[in-house]
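Contents: one structure, followed by commentary.
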Amino acid sequence: MVAYTPGMPLTLDPEDQPSAEQLIKKSRFVARLRQVTDEQGAADLIAEARVCVVQAEIPPATVAHVARVAAAGGTRLLLNVAPAAELPPETVRAADPLVVNEHEAAILLGHRGRQPEDAARDLAALGVR
């Protein structure tokens with residue numbers, strides 16, 4: 001799980017040289033992240049973030065929990081369903097944006113072998129942004 005705090009980039013561009021202030025903020029955030037030892041501590045950290053990035057590399061129940069916590073705290077959830085996983089519809093709807101390929105979309109929707117345009121339409125009908 002990677003969280004974003006104001007003033008800090010999601011990824012660091014090799015051309016981008018962060019300021020000393022940004023590096024200090026990032027080091028403080030990483031120190032706080034390392035101190036999280038329980039579910040409430042993680043929930044507090046997610047709620048403070050503007051964006052939370054989560055991938056399906058962690059257990060689906062954890063992905064769903066993070067999505068609920070992010071939604072409750074008003075934190076934007078970037079959900080990358082890689083590797084492909086089955087997730088509850090409310091978890092998928094919480095994503096803004098949802099990142100999937102054709103195979104991952106089919107698994108999320110429970111129908112393999114359909115056209116990508118159909119999957120996109122079905123995801124939009126679920127409320128995916």
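In the structure tokens, each chain is lettered A, B, ... as it comes, each chain's residues begin at 1, and ligands are numbered from 1 in order of appearance.
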
Checklist entry - What's the 12 Å shell around Leu109 of chain A, counting only C-alpha atoms, without same-chain residues fewer than 5 positions away, as an MDAnalysis selection string? => result chainID A and resid 84:89 92 100 102:104 114 116 118:126 128

Dump of C-alpha atoms for the selected residues, as a tab-separated table (two decimals), in the first residue's frame:
```
chain	number	residue	atom	x	y	z
A	84	ALA	CA	-6.35	-10.19	-11.68
A	85	ALA	CA	-8.66	-10.78	-8.73
A	86	GLU	CA	-12.34	-11.02	-7.91
A	87	LEU	CA	-13.43	-8.06	-5.78
A	88	PRO	CA	-16.79	-6.97	-4.39
A	89	PRO	CA	-18.70	-4.46	-6.57
A	92	VAL	CA	-14.64	-1.61	-7.57
A	100	VAL	CA	-7.49	-2.93	-15.36
A	102	GLU	CA	-8.95	-6.79	-20.60
A	103	HIS	CA	-8.33	-9.98	-18.60
A	104	GLU	CA	-8.65	-8.25	-15.21
A	114	ARG	CA	-16.37	-10.75	-24.05
A	116	PRO	CA	-13.30	-4.98	-24.19
A	118	ASP	CA	-18.59	-4.60	-23.38
A	119	ALA	CA	-16.40	-4.76	-20.28
A	120	ALA	CA	-15.91	-0.98	-20.29
A	121	ARG	CA	-19.67	-0.45	-20.62
A	122	ASP	CA	-20.40	-2.95	-17.81
A	123	LEU	CA	-17.82	-1.35	-15.51
A	124	ALA	CA	-19.32	2.08	-16.18
A	125	ALA	CA	-22.76	0.67	-15.36
A	126	LEU	CA	-21.36	-0.44	-11.98
A	128	VAL	CA	-16.72	2.91	-11.99
```

Next on the checklist: Need to verify the contact set: Ala71 of chain A, 12 Å, only C-alpha atoms, exclusion of same-chain residues closer than 4 positions in sequence. Can you return it as a ChimeraX atom specification?
Outcome noted: /A:43,46-52,64-67,75-78,90-96

Checklist entry - Which residue, A:Leu98, A:Ile107, A:Leu79, A:Val69, has the smallest gap to Ala42 of chain A when you use only C-alpha atoms? => result A:Val69
